[in-house]
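Trainee: Here it is: the structure, laid out below.
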Amino acid sequence: MADTQTGFDQLKKGMRATWIAGDFGQIARYSAEHAAEFVARLHIQPGMKILDVACGTGNLAIPAARAGAKVTGLDIAPNLLEQARARAAEEQFDITFDEGDAEQLPYADGSFDLVMSMFGAMFAPRPERVAAELIRVCRSGGVIAMANWPPAGFAAKIFGLGARFVPPPPGIPSPLAWGDEAVVKERLADGVSSLVTTMYPFDMKFPFGPKDVVSFFRSYFGPVQMTFSRLAPPEQEKYAAAMESLWAEHNVATDASTLVHAEYLEVIANRK
């Protein structure tokens with residue numbers, strides 16, 4: 001048992017290091033518009049108590065605060081929290097940003113009216129614990145809202161490509177299962193009275209071509225940066241070429257930029 005726990009502790013440390021690596025804030029800038037649209041659909045009222053799980057640099061927390069909510073954000077990566085705090089300070093929002101784990105939320109039962117997560121909580125390695133925690137900290141009658149990458153979308157192709165070059169640890173469920181309607185309904189079933197899922201478009205737009213998109217992700221996106229770091233130079237070249245090919249194949253831009261049509265699964269669940 002001790003060896004198993006030690007191995008899991010190392011896994012968690014590695015995941016934390018992955019999200020600290022690079023500078024996800026640079027990536028997040030390109031998804032801020034989609035995040036704001038996601039928040040707008042939640043019909044937030046002034047004074048609502050909201051938790052943003054795996055909040056990153058505040059893409060959900062900031063627009064929620066603009067709507068008048070009392071917002072708390074939590075993430076495992078301290079560098080992302082620093083950026084989130086700076087963004088909140090710039091707009092003079094009093095948002096609490098805590099360092100913590102989606103599998104063990106440091107909040108009392110029923111603390112929040114709305115618990116939300118966009119492309120965040122889905123990456124924790126023990127989904128059953130995440131589901132239990134999202135339910136636990138949401139008050140009865142409150143809402144749990146998630147935006148998750150689906151198993152068959154473009155984002156899945158990006159993660160799948162990385163897994164071809166550096167296979168994930170055995171026994172860890174795919175994060176993309178959170179983008180499967182049937183799986184989400186099963187995971188949240190015990191704690192919610194209703195659950196609705198909707199697939200929404202997510203355009204990945206960059207003002208540079210596919211080759212530079214690869215360089216951009218290699219510099220700033222932790223999972224891609226860590227995959228490169230674990231490969232010998234010849235394999236790094238193969239990985240870069242395969243990534244560029246993937247982006248180019250799906251690029252529908254007609255100029256020197258990149259535009260790839262992706263999608264995500266929105267989950268809206270009402271707490272029992």
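Ordered as shown in the structure tokens, chains take letters A, B, and onward, while each chain numbers its residues from 1 and ligands are numbered from 1 in the order shown.
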Could you give me the residues within stretch 5-157 of chain A that DSSP places in strand (DSSP E), as a PyMOL selection string?
Mentor: chain A and resi 49-53+70-75+96-99+112-118+138-148
Trainee: Kindly save the residues from that selection, with C-alpha atoms included, as an mmCIF file, in the first residue's frame.
Mentor:
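Listed below is the output, part_7.cif:
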```cif
data_model
loop_
_atom_site.group_PDB
_atom_site.id
_atom_site.type_symbol
_atom_site.label_atom_id
_atom_site.label_comp_id
_atom_site.auth_asym_id
_atom_site.auth_seq_id
_atom_site.Cartn_x
_atom_site.Cartn_y
_atom_site.Cartn_z
ATOM 1 C CA LYS A 49 -21.124 32.449 -4.230
ATOM 2 C CA ILE A 50 -19.115 30.771 -6.991
ATOM 3 C CA LEU A 51 -16.188 28.363 -7.030
ATOM 4 C CA ASP A 52 -14.005 28.034 -10.140
ATOM 5 C CA VAL A 53 -12.201 24.688 -9.878
ATOM 6 C CA LYS A 70 -18.507 36.540 -4.908
ATOM 7 C CA VAL A 71 -15.881 34.340 -6.555
ATOM 8 C CA THR A 72 -13.295 31.885 -5.284
ATOM 9 C CA GLY A 73 -10.814 30.248 -7.643
ATOM 10 C CA LEU A 74 -8.655 27.192 -6.925
ATOM 11 C CA ASP A 75 -5.735 25.721 -8.863
ATOM 12 C CA THR A 96 -10.046 34.789 -3.529
ATOM 13 C CA PHE A 97 -7.547 32.551 -5.312
ATOM 14 C CA ASP A 98 -6.415 29.465 -3.387
ATOM 15 C CA GLU A 99 -3.791 26.858 -4.166
ATOM 16 C CA PHE A 112 -21.253 27.580 -3.116
ATOM 17 C CA ASP A 113 -24.288 28.361 -5.255
ATOM 18 C CA LEU A 114 -22.378 27.498 -8.425
ATOM 19 C CA VAL A 115 -19.341 25.270 -8.901
ATOM 20 C CA MET A 116 -17.764 25.552 -12.349
ATOM 21 C CA SER A 117 -14.731 24.302 -14.245
ATOM 22 C CA MET A 118 -13.582 24.766 -17.840
ATOM 23 C CA CYS A 138 -22.254 22.827 -4.016
ATOM 24 C CA ARG A 139 -25.342 23.691 -1.978
ATOM 25 C CA SER A 140 -28.617 21.838 -2.430
ATOM 26 C CA GLY A 141 -30.396 23.419 -5.400
ATOM 27 C CA GLY A 142 -27.150 24.875 -6.703
ATOM 28 C CA VAL A 143 -25.508 24.262 -10.071
ATOM 29 C CA ILE A 144 -22.432 22.343 -11.203
ATOM 30 C CA ALA A 145 -21.200 23.542 -14.611
ATOM 31 C CA MET A 146 -18.344 22.061 -16.610
ATOM 32 C CA ALA A 147 -16.803 22.539 -20.042
ATOM 33 C CA ASN A 148 -14.872 19.419 -21.077
#
```
Trainee: May I ask for the distance between atom CA of A:Arg87 and atom CA of A:Ile20, given in Å to one decimal place?
Mentor: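 Atom CA of A:Ile20 lies 17.8 Å from atom CA of A:Arg87.
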Trainee: Tell me, as a ChimeraX atom specification, which residues lie within 6 Å of A:Tyr220, counting only C-alpha atoms; anything in the same chain fewer than 4 positions away does not count.
Mentor: /A:22-24
Trainee: Which distance in Å separates atom CA of A:Gly222 and atom CA of A:Lys185, to one decimal?
Mentor: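 Atom CA of A:Gly222 sits 29.4 Å away from atom CA of A:Lys185.
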Trainee: Excluding A:Val166 and its own-chain neighbours fewer than 5 positions away, which residues fall within 10 Å of it when counting only C-alpha atoms? Please give them as an mmCIF file with C-alpha atoms, in the first residue's frame.
Mentor:
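Writing the result to result_26.cif gives the following:
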```cif
data_model
loop_
_atom_site.group_PDB
_atom_site.id
_atom_site.type_symbol
_atom_site.label_atom_id
_atom_site.label_comp_id
_atom_site.auth_asym_id
_atom_site.auth_seq_id
_atom_site.Cartn_x
_atom_site.Cartn_y
_atom_site.Cartn_z
ATOM 1 C CA GLY A 160 -3.630 11.549 -28.330
ATOM 2 C CA LEU A 161 -0.621 12.555 -30.384
ATOM 3 C CA MET A 226 6.782 18.268 -20.846
ATOM 4 C CA THR A 227 6.276 15.775 -23.681
ATOM 5 C CA PHE A 228 9.084 17.416 -25.649
ATOM 6 C CA ARG A 230 10.959 13.601 -22.222
ATOM 7 C CA LEU A 231 11.994 12.866 -25.801
#
```
Trainee: Calculated over only C-alpha atoms, which of the candidates A:Met204, A:Val137, A:Val196, A:Leu42 has the smallest distance to A:Ala28?
Mentor: A:Met204
Trainee: Could you list, as an MDAnalysis selection string, every residue within 8 Å of A:Phe221, counting only C-alpha atoms and ignoring same-chain residues fewer than 3 positions away?
Mentor: chainID A and resid 19 21:24 27 216:218 224:225
Trainee: Taking only stretch 19-240 of chain A into account, list the residues labelled helix (DSSP H, G or I) by DSSP (computed from the backbone), as a PyMOL selection string.
Mentor: chain A and resi 19-20+24-40+61-66+78-90+121-123+127-137+154-165+175-179+181-191+210-220+222-229+233-240
Trainee: Go ahead and dump the residues you just picked, C-alpha atoms, as a short mmCIF file (atom, residue, chain, number, x, y, z; two decimals), in the first residue's frame.
Mentor:
```
data_model
loop_
_atom_site.label_atom_id
_atom_site.label_comp_id
_atom_site.auth_asym_id
_atom_site.auth_seq_id
_atom_site.Cartn_x
_atom_site.Cartn_y
_atom_site.Cartn_z
CA TRP A 19 0.74 22.70 -15.32
CA ILE A 20 3.39 24.93 -13.76
CA PHE A 24 -0.50 28.72 -19.60
CA GLY A 25 -1.56 32.34 -19.34
CA GLN A 26 -0.32 32.83 -22.90
CA ILE A 27 -2.53 29.96 -24.09
CA ALA A 28 -5.50 31.11 -22.00
CA ARG A 29 -5.63 34.48 -23.75
CA TYR A 30 -6.80 32.72 -26.89
CA SER A 31 -9.70 31.01 -25.10
CA ALA A 32 -10.88 33.96 -22.99
CA GLU A 33 -13.72 34.79 -25.39
CA HIS A 34 -15.08 31.24 -25.21
CA ALA A 35 -14.76 31.30 -21.41
CA ALA A 36 -16.77 34.52 -21.21
CA GLU A 37 -19.49 32.98 -23.41
CA PHE A 38 -19.61 29.92 -21.14
CA VAL A 39 -20.01 32.14 -18.04
CA ALA A 40 -22.68 34.27 -19.74
CA ALA A 61 -13.48 33.82 -12.43
CA ILE A 62 -12.99 37.29 -13.92
CA PRO A 63 -16.23 37.42 -15.98
CA ALA A 64 -18.12 35.88 -13.05
CA ALA A 65 -16.87 38.71 -10.83
CA ARG A 66 -17.91 41.22 -13.50
CA PRO A 78 0.88 28.80 -8.04
CA ASN A 79 2.24 30.68 -11.07
CA LEU A 80 -1.18 30.64 -12.72
CA LEU A 81 -2.78 31.86 -9.50
CA GLU A 82 -0.34 34.78 -9.42
CA GLN A 83 -1.50 35.78 -12.89
CA ALA A 84 -5.14 35.40 -11.87
CA ARG A 85 -4.60 37.63 -8.84
CA ALA A 86 -2.91 40.25 -11.02
CA ARG A 87 -5.81 40.21 -13.49
CA ALA A 88 -8.33 40.57 -10.66
CA ALA A 89 -6.37 43.43 -9.10
CA GLU A 90 -6.19 45.21 -12.44
CA ALA A 121 -11.11 19.54 -13.18
CA MET A 122 -11.28 17.00 -16.01
CA PHE A 123 -7.51 16.50 -15.78
CA PRO A 127 -12.51 11.43 -11.48
CA GLU A 128 -14.68 9.76 -8.85
CA ARG A 129 -13.11 11.98 -6.18
CA VAL A 130 -13.50 15.07 -8.34
CA ALA A 131 -17.17 14.30 -8.91
CA ALA A 132 -17.75 13.76 -5.18
CA GLU A 133 -16.01 17.03 -4.31
CA LEU A 134 -17.87 19.11 -6.91
CA ILE A 135 -21.12 17.76 -5.49
CA ARG A 136 -20.08 18.16 -1.84
CA VAL A 137 -19.19 21.86 -1.96
CA PHE A 154 -9.60 18.10 -32.19
CA ALA A 155 -8.30 18.61 -28.65
CA ALA A 156 -8.45 14.83 -28.22
CA LYS A 157 -6.25 14.47 -31.30
CA ILE A 158 -3.66 16.81 -29.76
CA PHE A 159 -3.57 14.87 -26.49
CA GLY A 160 -3.63 11.55 -28.33
CA LEU A 161 -0.62 12.55 -30.38
CA GLY A 162 1.35 13.37 -27.25
CA ALA A 163 0.34 10.01 -25.75
CA ARG A 164 1.73 8.23 -28.81
CA PHE A 165 5.18 9.66 -28.09
CA PRO A 175 -9.45 13.03 -18.93
CA LEU A 176 -11.48 13.01 -22.14
CA ALA A 177 -14.04 10.67 -20.56
CA TRP A 178 -15.42 13.82 -18.88
CA GLY A 179 -16.46 14.87 -22.40
CA GLU A 181 -22.25 12.48 -21.88
CA ALA A 182 -22.91 8.97 -20.57
CA VAL A 183 -19.80 8.98 -18.37
CA VAL A 184 -20.56 12.41 -16.88
CA LYS A 185 -24.12 11.39 -16.08
CA GLU A 186 -22.87 8.28 -14.32
CA ARG A 187 -20.22 10.16 -12.32
CA LEU A 188 -22.59 12.84 -11.06
CA ALA A 189 -25.73 10.70 -10.81
CA ASP A 190 -25.85 10.31 -7.02
CA GLY A 191 -25.66 14.02 -6.29
CA PRO A 210 0.64 25.86 -37.98
CA LYS A 211 4.44 25.65 -37.67
CA ASP A 212 4.42 28.63 -35.30
CA VAL A 213 1.43 27.20 -33.44
CA VAL A 214 3.60 24.19 -32.60
CA SER A 215 6.39 26.47 -31.37
CA PHE A 216 3.85 28.45 -29.36
CA PHE A 217 2.48 25.35 -27.62
CA ARG A 218 5.98 23.98 -27.11
CA SER A 219 6.95 27.19 -25.31
CA TYR A 220 3.81 27.83 -23.27
CA GLY A 222 2.79 22.60 -20.05
CA PRO A 223 1.64 19.16 -21.32
CA VAL A 224 3.26 19.73 -24.73
CA GLN A 225 6.41 21.22 -23.22
CA MET A 226 6.78 18.27 -20.85
CA THR A 227 6.28 15.77 -23.68
CA PHE A 228 9.08 17.42 -25.65
CA SER A 229 11.32 17.39 -22.57
CA PRO A 233 16.17 15.16 -30.10
CA PRO A 234 15.28 12.87 -33.04
CA GLU A 235 11.93 12.02 -31.42
CA GLN A 236 11.34 15.70 -30.65
CA GLU A 237 11.65 16.43 -34.37
CA LYS A 238 9.16 13.68 -35.19
CA TYR A 239 6.72 14.94 -32.57
CA ALA A 240 7.00 18.53 -33.84
#
```
Trainee: Can you pull out the residues contacting A:Glu249? Cut-off 12 Å, using only C-alpha atoms, and skip same-chain residues under 2 positions away; I want them as a ChimeraX atom specification.
Mentor: /A:154,157,209-211,242-247,251-253,258-261
Trainee: Quick one: write out the picked residues with C-alpha atoms as a compact mmCIF listing (two decimals), in the first residue's frame?
Mentor:
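Result file follows (selection-v1.txt):
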```txt
# COMPACT_ATOMS: atom_id res chain seq x y z
CA PHE A 154 -9.60 18.10 -32.19
CA LYS A 157 -6.25 14.47 -31.30
CA GLY A 209 0.63 29.50 -39.18
CA PRO A 210 0.64 25.86 -37.98
CA LYS A 211 4.44 25.65 -37.67
CA ALA A 242 3.45 15.31 -36.48
CA MET A 243 1.94 18.20 -34.54
CA GLU A 244 2.48 20.61 -37.40
CA SER A 245 0.86 18.13 -39.79
CA LEU A 246 -2.14 17.76 -37.48
CA TRP A 247 -2.70 21.51 -37.21
CA ASN A 251 -6.52 24.47 -40.57
CA VAL A 252 -9.32 26.21 -42.47
CA ALA A 253 -7.75 29.68 -42.51
CA THR A 258 -4.47 29.25 -38.14
CA LEU A 259 -8.14 28.48 -37.54
CA VAL A 260 -9.23 25.04 -36.39
CA HIS A 261 -12.84 24.23 -35.55
```
Trainee: Atom CA of A:Arg16 and atom CA of A:Ser111, how far apart in Å?
Mentor: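 Rounded to one decimal, the two atoms are 25.5 Å apart.
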